[in-house]
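What follows is the content of coords_35.pdb, which has PDB, C-alpha atoms:
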```pdb
ATOM      1  CA  MET A 192      52.939   9.663  32.286
ATOM      2  CA  TRP A 193      49.413  11.013  32.646
ATOM      3  CA  GLY A 194      50.857  14.319  33.765
ATOM      4  CA  GLU A 195      53.008  14.481  30.637
ATOM      5  CA  LEU A 196      49.957  13.740  28.481
ATOM      6  CA  GLU A 197      48.020  16.505  30.218
ATOM      7  CA  GLU A 198      50.847  18.984  29.577
ATOM      8  CA  LEU A 199      50.941  18.049  25.884
ATOM      9  CA  VAL A 200      47.162  18.414  25.573
ATOM     10  CA  ARG A 201      47.335  21.826  27.199
ATOM     11  CA  ALA A 202      50.199  22.924  24.950
ATOM     12  CA  ALA A 203      48.537  21.616  21.798
ATOM     13  CA  GLY A 204      45.541  23.910  21.927
ATOM     14  CA  ARG A 205      42.592  22.882  19.785
ATOM     15  CA  ARG A 206      44.336  21.457  16.695
ATOM     16  CA  SER A 207      47.823  20.301  17.781
ATOM     17  CA  ARG A 208      49.258  23.472  16.248
ATOM     18  CA  GLY A 209      51.285  24.185  19.346
ATOM     19  CA  LEU A 210      53.336  20.981  18.996
ATOM     20  CA  ASP A 211      56.296  20.085  16.803
ATOM     21  CA  SER A 212      56.448  16.725  15.000
ATOM     22  CA  ASP A 213      58.249  14.896  17.820
ATOM     23  CA  ARG A 214      55.731  16.040  20.415
ATOM     24  CA  VAL A 215      52.834  15.071  18.149
ATOM     25  CA  LEU A 216      54.240  11.540  17.934
ATOM     26  CA  ARG A 217      54.706  11.514  21.702
ATOM     27  CA  LEU A 218      51.105  12.688  22.116
ATOM     28  CA  GLY A 219      49.857   9.695  20.116
ATOM     29  CA  GLU A 220      51.993   7.308  22.127
ATOM     30  CA  LEU A 221      50.839   8.663  25.484
ATOM     31  CA  TYR A 222      47.201   8.701  24.324
ATOM     32  CA  ARG A 223      47.263   4.997  23.423
ATOM     33  CA  SER A 224      48.859   4.133  26.746
ATOM     34  CA  ALA A 225      46.365   6.240  28.730
ATOM     35  CA  ALA A 226      43.436   4.733  26.792
ATOM     36  CA  ALA A 227      44.633   1.241  27.765
ATOM     37  CA  ASP A 228      44.964   2.336  31.405
ATOM     38  CA  LEU A 229      41.462   3.789  31.285
ATOM     39  CA  ALA A 230      39.968   0.532  30.023
ATOM     40  CA  VAL A 231      41.493  -1.345  32.971
ATOM     41  CA  ALA A 232      40.590   1.364  35.499
ATOM     42  CA  ARG A 233      36.946   1.373  34.444
ATOM     43  CA  GLN A 234      36.667  -2.304  35.233
ATOM     44  CA  ARG A 235      38.557  -2.273  38.518
ATOM     45  CA  TRP A 236      37.577   1.082  40.038
ATOM     46  CA  PRO A 237      34.281   2.249  38.501
ATOM     47  CA  GLY A 238      33.058   5.540  39.921
ATOM     48  CA  ASP A 239      36.473   6.562  41.250
ATOM     49  CA  PRO A 240      37.081  10.326  40.734
ATOM     50  CA  ALA A 241      40.533   9.584  39.339
ATOM     51  CA  VAL A 242      38.934   7.419  36.638
ATOM     52  CA  ARG A 243      36.613  10.251  35.652
ATOM     53  CA  ARG A 244      39.542  12.635  35.392
ATOM     54  CA  LEU A 245      41.456  10.148  33.255
ATOM     55  CA  ASP A 246      38.374   9.688  31.096
ATOM     56  CA  GLU A 247      38.208  13.431  30.435
ATOM     57  CA  LEU A 248      41.925  13.587  29.666
ATOM     58  CA  VAL A 249      41.706  10.686  27.201
ATOM     59  CA  ALA A 250      38.707  12.309  25.488
ATOM     60  CA  ARG A 251      40.607  15.578  25.025
ATOM     61  CA  ALA A 252      43.666  13.738  23.726
ATOM     62  CA  ARG A 253      41.536  11.605  21.400
ATOM     63  CA  HIS A 254      40.198  14.738  19.742
ATOM     64  CA  LEU A 255      43.726  16.012  19.105
ATOM     65  CA  VAL A 256      45.042  12.666  17.852
ATOM     66  CA  TYR A 257      42.199  11.893  15.476
ATOM     67  CA  ALA A 258      41.022  15.376  14.515
ATOM     68  CA  ALA A 259      44.409  16.693  13.512
ATOM     69  CA  PRO A 260      44.618  14.954  10.102
ATOM     70  CA  HIS A 261      41.242  16.188   8.850
ATOM     71  CA  ARG A 262      41.054  16.289   5.103
ATOM     72  CA  ARG A 263      40.223  19.641   3.543
ATOM     73  CA  LEU A 264      37.776  19.130   0.689
ATOM     74  CA  SER A 265      37.367  21.295  -2.360
ATOM     75  CA  ALA A 266      34.029  23.024  -2.827
ATOM     76  CA  LEU A 267      33.163  20.439  -5.466
ATOM     77  CA  GLY A 268      34.072  17.595  -3.120
ATOM     78  CA  PHE A 269      31.987  19.117  -0.351
ATOM     79  CA  PHE A 270      28.840  19.443  -2.447
ATOM     80  CA  ALA A 271      29.399  16.005  -4.015
ATOM     81  CA  THR A 272      30.037  14.060  -0.813
ATOM     82  CA  GLY A 273      30.843  16.039   2.323
ATOM     83  CA  TYR A 274      27.469  17.755   2.666
ATOM     84  CA  TRP A 275      25.564  14.489   2.309
ATOM     85  CA  ARG A 276      27.750  12.806   4.918
ATOM     86  CA  LEU A 277      26.954  15.575   7.389
ATOM     87  CA  VAL A 278      23.205  15.291   6.739
ATOM     88  CA  ALA A 279      23.240  11.503   7.106
ATOM     89  CA  ALA A 280      25.441  11.487  10.225
ATOM     90  CA  ARG A 281      22.618  11.848  12.798
ATOM     91  CA  PRO A 282      19.464  10.044  11.605
ATOM     92  CA  LEU A 283      17.868  10.312  15.059
ATOM     93  CA  MET A 284      18.019  14.112  14.971
ATOM     94  CA  LEU A 285      16.511  14.063  11.479
ATOM     95  CA  ALA A 286      13.638  11.975  12.832
ATOM     96  CA  VAL A 287      13.101  14.318  15.791
ATOM     97  CA  SER A 288      13.157  17.346  13.504
ATOM     98  CA  ALA A 289      10.619  15.754  11.151
ATOM     99  CA  LEU A 290       8.387  14.879  14.097
ATOM    100  CA  LEU A 291       8.483  18.459  15.422
ATOM    101  CA  LEU A 292       7.438  19.728  11.995
ATOM    102  CA  PHE A 293       4.869  17.205  10.780
ATOM    103  CA  ALA A 294       3.145  16.175  14.030
ATOM    104  CA  PRO A 295       1.857  19.710  14.748
ATOM    105  CA  ALA A 296       1.006  20.042  11.044
ATOM    106  CA  ALA A 297      -1.290  17.026  11.255
ATOM    107  CA  LEU A 298      -2.923  18.283  14.465
ATOM    108  CA  ALA A 299      -3.374  21.807  13.085
ATOM    109  CA  ALA A 300      -4.908  20.444   9.882
ATOM    110  CA  GLY A 301      -7.524  18.537  11.851
ATOM    111  CA  TRP A 302      -8.243  21.594  13.972
ATOM    112  CA  ALA A 303      -8.639  23.840  10.899
ATOM    113  CA  VAL A 304     -11.134  21.427   9.341
ATOM    114  CA  ASP A 305     -13.182  21.352  12.553
ATOM    115  CA  ASP A 306     -12.949  25.083  13.335
ATOM    116  CA  PRO A 307     -12.081  27.063  10.189
ATOM    117  CA  GLY A 308     -13.058  30.360  11.787
ATOM    118  CA  ALA A 309     -10.450  30.097  14.527
ATOM    119  CA  ALA A 310      -7.840  28.717  12.153
ATOM    120  CA  GLY A 311      -8.476  31.540   9.703
ATOM    121  CA  GLY A 312      -7.705  34.015  12.453
ATOM    122  CA  LEU A 313      -4.376  32.308  13.120
ATOM    123  CA  VAL A 314      -2.885  32.176   9.633
ATOM    124  CA  PRO A 315      -1.505  35.328   7.940
ATOM    125  CA  ALA A 316      -3.886  37.170   5.628
ATOM    126  CA  GLN A 317      -2.060  36.180   2.454
ATOM    127  CA  TYR A 318      -2.843  32.512   3.109
ATOM    128  CA  ARG A 319      -6.549  32.878   3.825
ATOM    129  CA  SER A 320      -7.427  32.789   0.129
ATOM    130  CA  VAL A 321      -7.067  28.997   0.242
ATOM    131  CA  ALA A 322     -10.557  28.922   1.761
ATOM    132  CA  GLU A 323     -12.058  30.910  -1.118
ATOM    133  CA  PRO A 324     -13.718  29.214  -4.132
ATOM    134  CA  ARG A 325     -11.358  28.677  -7.053
ATOM    135  CA  THR A 326     -11.896  28.107 -10.756
ATOM    136  CA  GLN A 327     -10.295  25.162 -12.525
ATOM    137  CA  GLY A 328      -6.554  25.485 -12.950
ATOM    138  CA  THR A 329      -3.802  27.119 -10.900
ATOM    139  CA  ASP A 330      -2.446  29.784 -13.235
ATOM    140  CA  LEU A 331      -2.026  32.838 -11.028
ATOM    141  CA  GLY A 332      -1.752  35.214 -13.984
ATOM    142  CA  LEU A 333       1.616  36.719 -13.028
ATOM    143  CA  SER A 334       3.821  38.579 -15.515
ATOM    144  CA  ALA A 335       7.451  37.560 -16.045
ATOM    145  CA  ASP A 336       8.647  40.397 -13.794
ATOM    146  CA  GLU A 337       6.138  39.432 -11.106
ATOM    147  CA  GLU A 338       7.230  35.796 -11.304
ATOM    148  CA  ALA A 339      10.878  36.820 -10.886
ATOM    149  CA  GLY A 340      10.024  39.022  -7.908
ATOM    150  CA  THR A 341       7.917  36.275  -6.374
ATOM    151  CA  ALA A 342      10.701  33.741  -6.799
ATOM    152  CA  ALA A 343      13.241  36.050  -5.132
ATOM    153  CA  GLU A 344      10.877  36.764  -2.230
ATOM    154  CA  ILE A 345      10.045  33.082  -1.765
ATOM    155  CA  PHE A 346      13.525  31.640  -1.673
ATOM    156  CA  THR A 347      14.742  34.542   0.477
ATOM    157  CA  ASN A 348      11.999  33.699   2.978
ATOM    158  CA  ASN A 349      12.823  29.981   2.745
ATOM    159  CA  ILE A 350      16.470  30.679   3.498
ATOM    160  CA  ARG A 351      15.492  32.971   6.386
ATOM    161  CA  VAL A 352      13.293  30.293   7.978
ATOM    162  CA  THR A 353      15.893  27.586   7.458
ATOM    163  CA  PHE A 354      18.744  29.637   8.853
ATOM    164  CA  GLY A 355      16.534  30.490  11.832
ATOM    165  CA  ALA A 356      16.290  26.763  12.515
ATOM    166  CA  PHE A 357      20.085  26.458  12.257
ATOM    167  CA  ALA A 358      20.857  29.415  14.487
ATOM    168  CA  GLY A 359      18.229  28.405  17.035
ATOM    169  CA  GLY A 360      20.535  25.627  18.195
ATOM    170  CA  ILE A 361      22.561  28.128  20.209
ATOM    171  CA  THR A 362      19.570  28.483  22.556
ATOM    172  CA  GLY A 363      19.868  24.828  23.476
ATOM    173  CA  GLY A 364      17.591  23.923  20.574
ATOM    174  CA  VAL A 365      14.592  25.786  22.049
ATOM    175  CA  LEU A 366      14.340  28.306  19.216
ATOM    176  CA  THR A 367      14.909  25.559  16.643
ATOM    177  CA  ALA A 368      12.027  23.558  18.070
ATOM    178  CA  ALA A 369       9.869  26.701  18.090
ATOM    179  CA  VAL A 370      10.608  27.386  14.413
ATOM    180  CA  LEU A 371       9.711  23.803  13.485
ATOM    181  CA  LEU A 372       6.532  23.830  15.570
ATOM    182  CA  PHE A 373       5.395  27.203  14.233
ATOM    183  CA  ASN A 374       5.935  26.281  10.598
ATOM    184  CA  GLY A 375       4.273  22.918  11.154
ATOM    185  CA  VAL A 376       1.194  24.549  12.671
ATOM    186  CA  LEU A 377       1.057  27.120   9.863
ATOM    187  CA  LEU A 378       1.367  24.453   7.177
ATOM    188  CA  GLY A 379      -1.287  22.261   8.798
ATOM    189  CA  ALA A 380      -3.725  25.120   9.375
ATOM    190  CA  VAL A 381      -3.497  26.303   5.761
ATOM    191  CA  ALA A 382      -3.883  22.735   4.480
ATOM    192  CA  GLY A 383      -6.888  22.182   6.742
ATOM    193  CA  LEU A 384      -8.558  25.390   5.582
ATOM    194  CA  ALA A 385      -8.069  24.390   1.955
ATOM    195  CA  TRP A 386      -9.421  20.897   2.607
ATOM    196  CA  GLY A 387     -12.466  22.163   4.462
ATOM    197  CA  ALA A 388     -13.277  24.607   1.655
ATOM    198  CA  GLY A 389     -13.066  21.900  -1.005
ATOM    199  CA  ASN A 390      -9.806  23.303  -2.382
ATOM    200  CA  SER A 391      -7.581  20.347  -1.538
ATOM    201  CA  ARG A 392      -6.667  19.698  -5.185
ATOM    202  CA  PRO A 393      -5.689  23.322  -6.000
ATOM    203  CA  PHE A 394      -3.771  23.454  -2.701
ATOM    204  CA  VAL A 395      -1.757  20.359  -3.597
ATOM    205  CA  GLU A 396      -1.105  21.745  -7.079
ATOM    206  CA  LEU A 397       0.200  24.995  -5.602
ATOM    207  CA  VAL A 398       2.320  23.438  -2.860
ATOM    208  CA  VAL A 399       3.643  19.994  -3.690
ATOM    209  CA  ALA A 400       5.996  20.860  -6.580
ATOM    210  CA  HIS A 401       8.294  22.934  -4.377
ATOM    211  CA  GLY A 402       7.035  21.848  -0.969
ATOM    212  CA  VAL A 403       8.625  18.396  -0.800
ATOM    213  CA  LEU A 404      12.126  19.798  -1.309
ATOM    214  CA  GLU A 405      11.470  22.879   0.810
ATOM    215  CA  LEU A 406      10.201  20.855   3.774
ATOM    216  CA  SER A 407      13.140  18.456   3.392
ATOM    217  CA  CYS A 408      15.522  21.408   3.739
ATOM    218  CA  ILE A 409      13.669  22.662   6.814
ATOM    219  CA  VAL A 410      13.905  19.206   8.414
ATOM    220  CA  VAL A 411      17.656  19.097   7.740
ATOM    221  CA  ALA A 412      18.075  22.620   9.130
ATOM    222  CA  GLY A 413      16.107  21.661  12.220
ATOM    223  CA  ALA A 414      18.258  18.571  12.748
ATOM    224  CA  ALA A 415      21.430  20.686  12.549
ATOM    225  CA  GLY A 416      20.023  23.171  15.052
ATOM    226  CA  LEU A 417      18.982  20.387  17.416
ATOM    227  CA  ARG A 418      22.434  18.839  17.166
ATOM    228  CA  LEU A 419      23.994  22.159  18.126
ATOM    229  CA  GLY A 420      21.557  22.535  21.014
ATOM    230  CA  TRP A 421      22.278  19.032  22.274
ATOM    231  CA  ALA A 422      26.032  19.681  22.175
ATOM    232  CA  LEU A 423      25.402  22.695  24.411
ATOM    233  CA  ILE A 424      23.248  20.703  26.857
ATOM    234  CA  ALA A 425      25.118  17.378  26.859
ATOM    235  CA  PRO A 426      28.649  17.780  25.450
ATOM    236  CA  GLY A 427      29.651  14.272  26.481
ATOM    237  CA  ARG A 428      33.331  13.714  27.175
ATOM    238  CA  LEU A 429      34.518  16.827  25.379
ATOM    239  CA  PRO A 430      34.677  20.241  27.069
ATOM    240  CA  ARG A 431      31.411  22.081  26.393
ATOM    241  CA  GLY A 432      33.067  24.871  24.417
ATOM    242  CA  LEU A 433      34.875  22.398  22.189
ATOM    243  CA  ALA A 434      31.770  20.273  21.610
ATOM    244  CA  VAL A 435      29.654  23.326  20.743
ATOM    245  CA  GLY A 436      32.372  24.683  18.468
ATOM    246  CA  GLN A 437      32.581  21.432  16.517
ATOM    247  CA  GLU A 438      28.803  21.187  16.123
ATOM    248  CA  ALA A 439      28.514  24.872  15.164
ATOM    249  CA  ARG A 440      31.060  24.289  12.423
ATOM    250  CA  ARG A 441      29.055  21.346  11.124
ATOM    251  CA  ALA A 442      25.870  23.428  11.235
ATOM    252  CA  VAL A 443      27.498  26.168   9.146
ATOM    253  CA  LEU A 444      28.603  23.597   6.564
ATOM    254  CA  ILE A 445      25.117  22.087   6.454
ATOM    255  CA  ALA A 446      23.669  25.573   5.985
ATOM    256  CA  LEU A 447      26.010  26.215   3.060
ATOM    257  CA  GLY A 448      25.099  22.892   1.471
ATOM    258  CA  THR A 449      21.365  23.342   1.969
ATOM    259  CA  ALA A 450      21.128  26.886   0.558
ATOM    260  CA  PRO A 451      21.338  25.856  -3.140
ATOM    261  CA  TRP A 452      18.470  23.397  -2.670
ATOM    262  CA  LEU A 453      16.364  26.140  -1.097
ATOM    263  CA  VAL A 454      17.064  28.281  -4.139
ATOM    264  CA  VAL A 455      15.867  25.429  -6.376
ATOM    265  CA  ALA A 456      12.651  25.154  -4.334
ATOM    266  CA  GLY A 457      12.148  28.910  -4.547
ATOM    267  CA  LEU A 458      12.658  28.925  -8.319
ATOM    268  CA  VAL A 459      10.103  26.147  -8.758
ATOM    269  CA  GLU A 460       7.622  27.989  -6.556
ATOM    270  CA  GLY A 461       8.237  31.336  -8.217
ATOM    271  CA  PHE A 462       8.341  30.326 -11.885
ATOM    272  CA  LEU A 463       6.678  26.939 -12.398
ATOM    273  CA  THR A 464       3.875  26.904  -9.821
ATOM    274  CA  PRO A 465       2.215  30.191 -10.931
ATOM    275  CA  SER A 466       1.914  28.899 -14.501
ATOM    276  CA  GLY A 467      -0.621  26.220 -13.543
ATOM    277  CA  LEU A 468       1.184  22.878 -13.583
ATOM    278  CA  GLY A 469      -1.828  20.676 -12.968
ATOM    279  CA  LEU A 470      -2.026  17.962 -10.337
ATOM    280  CA  ALA A 471      -0.074  15.228 -12.129
ATOM    281  CA  ARG A 472       2.867  17.403 -13.135
ATOM    282  CA  ALA A 473       3.021  19.120  -9.731
ATOM    283  CA  ILE A 474       3.176  15.768  -7.941
ATOM    284  CA  ALA A 475       5.738  14.463 -10.438
ATOM    285  CA  ILE A 476       8.037  17.468  -9.951
ATOM    286  CA  GLY A 477       7.724  17.352  -6.162
ATOM    287  CA  ALA A 478       8.332  13.611  -6.015
ATOM    288  CA  CYS A 479      11.292  13.883  -8.353
ATOM    289  CA  LEU A 480      12.995  16.651  -6.355
ATOM    290  CA  GLY A 481      12.361  14.877  -3.043
ATOM    291  CA  THR A 482      13.608  11.550  -4.399
ATOM    292  CA  VAL A 483      16.781  13.112  -5.792
ATOM    293  CA  TYR A 484      17.557  14.861  -2.502
ATOM    294  CA  TRP A 485      17.002  11.916  -0.166
ATOM    295  CA  SER A 486      18.618   9.449  -2.575
ATOM    296  CA  LEU A 487      21.752  11.587  -2.422
ATOM    297  CA  VAL A 488      21.550  11.552   1.389
ATOM    298  CA  LEU A 489      21.403   7.751   1.380
ATOM    299  CA  TRP A 490      23.927   7.218  -1.413
ATOM    300  CA  ARG A 491      26.524   9.942  -1.004
ATOM    301  CA  GLY A 492      26.020  10.111   2.743
ATOM    302  CA  ALA A 493      27.195   6.497   3.055
ATOM    303  CA  LEU A 494      30.533   7.347   1.399
ATOM    304  CA  THR A 495      32.409   8.066   4.600
ATOM    305  CA  ASP A 496      35.958   7.324   5.710
ATOM    306  CA  GLY A 497      35.313   8.308   9.323
ATOM    307  CA  ARG A 498      36.780  11.789   8.976
ATOM    308  CA  GLU A 499      34.851  15.018   9.219
ATOM    309  CA  PRO A 500      34.593  16.921   5.941
ATOM    310  CA  SER A 501      35.585  20.547   5.807
ATOM    311  CA  LEU A 502      36.164  23.364   3.376
TER     312      LEU A 502
END
```
Would you mind writing the structure in this file as structure tokens?
Amino acid sequence: MWGELEELVRAAGRRSRGLDSDRVLRLGELYRSAAADLAVARQRWPGDPAVRRLDELVARARHLVYAAPHRRLSALGFFATGYWRLVAARPLMLAVSALLLFAPAALAAGWAVDDPGAAGGLVPAQYRSVAEPRTQGTDLGLSADEEAGTAAEIFTNNIRVTFGAFAGGITGGVLTAAVLLFNGVLLGAVAGLAWGAGNSRPFVELVVAHGVLELSCIVVAGAAGLRLGWALIAPGRLPRGLAVGQEARRAVLIALGTAPWLVVAGLVEGFLTPSGLGLARAIAIGACLGTVYWSLVLWRGALTDGREPSL
């Protein structure tokens, strides 16, 4: 019986497309029987090589039995529910991603306050102006064309950084972690320089309106990259190629769902921030965007039927 199940799994390929309806039904029947045998074998003969082989076979069959009827969502359905389910699926990876971003930011901020000279040498030249004296207000005096160009440059850069965090998962998550650490250090160093120069209020006014949403997207991108890296390192009961393929597909979907929010953050940074929002309005906009995003993660992400969304 196990041999027959193994032959069906081999013939099925990745999505049961190599089986006719009768063989699909037989696959489900043999899977349930093998799963029952595995439960008994684990109790009676733990550690036996035959049990490990059966475990692998049942895992491969489980994927075919339960992955075959995946529902294909419309684009509207994906952005309304599917994307949020994918983001909410791995809260631990979200926490790790946030830690890799914000922990170095806090350390770098403290370092920049204590040693602004060294920190100023680390950050790119365009950010060093945060340590220069500023007059009241945050209007940067940009024309409409300059604001449009700035917005395009900003959200292009945001998307580049975020997609770097996604793609870094293929290196086992090493590049993803590096992207998060680097951006955390840069953020913290710039914030520390501004604080030490007495420009903390202008810095908050210039950053918080778009920054809450932008950093949220980077955290989500980092979590997707880390998930992909973990699938490569520890695929569990699935074959490594299959586990990585599934997680890569999820990462692509998360990237597609995150891109519009990065555009929103870039538009806020390019058009609203240069006009001089003031502290209260900047905080209100940032808090509103962040609340909307994470409320959707909690609300729409909980609307799951146990099946993986797809387009």
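Distances here use all atoms listed in the file; by that measure, the residue among A:Gly379, A:Pro465, A:Gly387, A:Pro240 closest to Ala299 (chain A) is A:Gly379.
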Practice task
Convert the output of the PyMOL selection byres ((chain A and resi 361) around 9) on the shown file into explicit residues, formatted as a ChimeraX atom specification.
Solution key: /A:357-360,362-367,416-417,419-420,423,435,439
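Interatomic distance, CA of Leu444 (chain A) against CA of Gly461 (chain A): 26.3 Å.
Distance annotation: of A:Ala289, A:Ile445, A:Ala310, A:Leu487, the residue with the minimal separation from Leu277 (chain A) is A:Ile445; atom set is only C-alpha atoms.
With distances restricted to only C-alpha atoms, A:Gly469 is the closest residue to Leu397 (chain A) from A:Gly469, A:Gly457, A:Gly448, A:Pro430.
Among the candidates A:Gly312, A:Gly481, A:Pro282, A:Gly301, the residue lying nearest to Ser407 (chain A) is A:Gly481 (atoms considered: all atoms listed in the file).
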Practice task
Using the chain letters and residue numbers of this document, give as number ranges by chain the residues selected by the PyMOL selection byres ((chain A and resi 314) around 12).
Solution key: A: 299-300, 303, 307-313, 315-322, 373-384
Exercise for the section: Using the chain letters and numbering of this document, enumerate as JSON, numbers by chain the residues selected by the PyMOL selection byres ((chain A and resi 275) around 12). Expected result: {"A": [268, 269, 270, 271, 272, 273, 274, 276, 277, 278, 279, 280, 281, 282, 411, 441, 444, 445, 446, 447, 448, 449, 484, 485, 486, 487, 488, 489, 490, 491, 492, 493, 494, 495, 499, 500]}
Keeping C-alpha atoms for every residue in the selection just given, could you write it to a file as a compact mmCIF listing (two decimals), in the coordinates of the input?
```
# COMPACT_ATOMS: atom_id res chain seq x y z
CA GLY A 268 34.07 17.60 -3.12
CA PHE A 269 31.99 19.12 -0.35
CA PHE A 270 28.84 19.44 -2.45
CA ALA A 271 29.40 16.00 -4.01
CA THR A 272 30.04 14.06 -0.81
CA GLY A 273 30.84 16.04 2.32
CA TYR A 274 27.47 17.76 2.67
CA ARG A 276 27.75 12.81 4.92
CA LEU A 277 26.95 15.58 7.39
CA VAL A 278 23.20 15.29 6.74
CA ALA A 279 23.24 11.50 7.11
CA ALA A 280 25.44 11.49 10.22
CA ARG A 281 22.62 11.85 12.80
CA PRO A 282 19.46 10.04 11.60
CA VAL A 411 17.66 19.10 7.74
CA ARG A 441 29.06 21.35 11.12
CA LEU A 444 28.60 23.60 6.56
CA ILE A 445 25.12 22.09 6.45
CA ALA A 446 23.67 25.57 5.98
CA LEU A 447 26.01 26.22 3.06
CA GLY A 448 25.10 22.89 1.47
CA THR A 449 21.36 23.34 1.97
CA TYR A 484 17.56 14.86 -2.50
CA TRP A 485 17.00 11.92 -0.17
CA SER A 486 18.62 9.45 -2.58
CA LEU A 487 21.75 11.59 -2.42
CA VAL A 488 21.55 11.55 1.39
CA LEU A 489 21.40 7.75 1.38
CA TRP A 490 23.93 7.22 -1.41
CA ARG A 491 26.52 9.94 -1.00
CA GLY A 492 26.02 10.11 2.74
CA ALA A 493 27.20 6.50 3.06
CA LEU A 494 30.53 7.35 1.40
CA THR A 495 32.41 8.07 4.60
CA GLU A 499 34.85 15.02 9.22
CA PRO A 500 34.59 16.92 5.94
```
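For the choices A:Arg472, A:Arg392, A:Arg431, A:Arg351, the atom-to-atom distance to Val454 (chain A) is smallest for A:Arg351 when using all atoms listed in the file.
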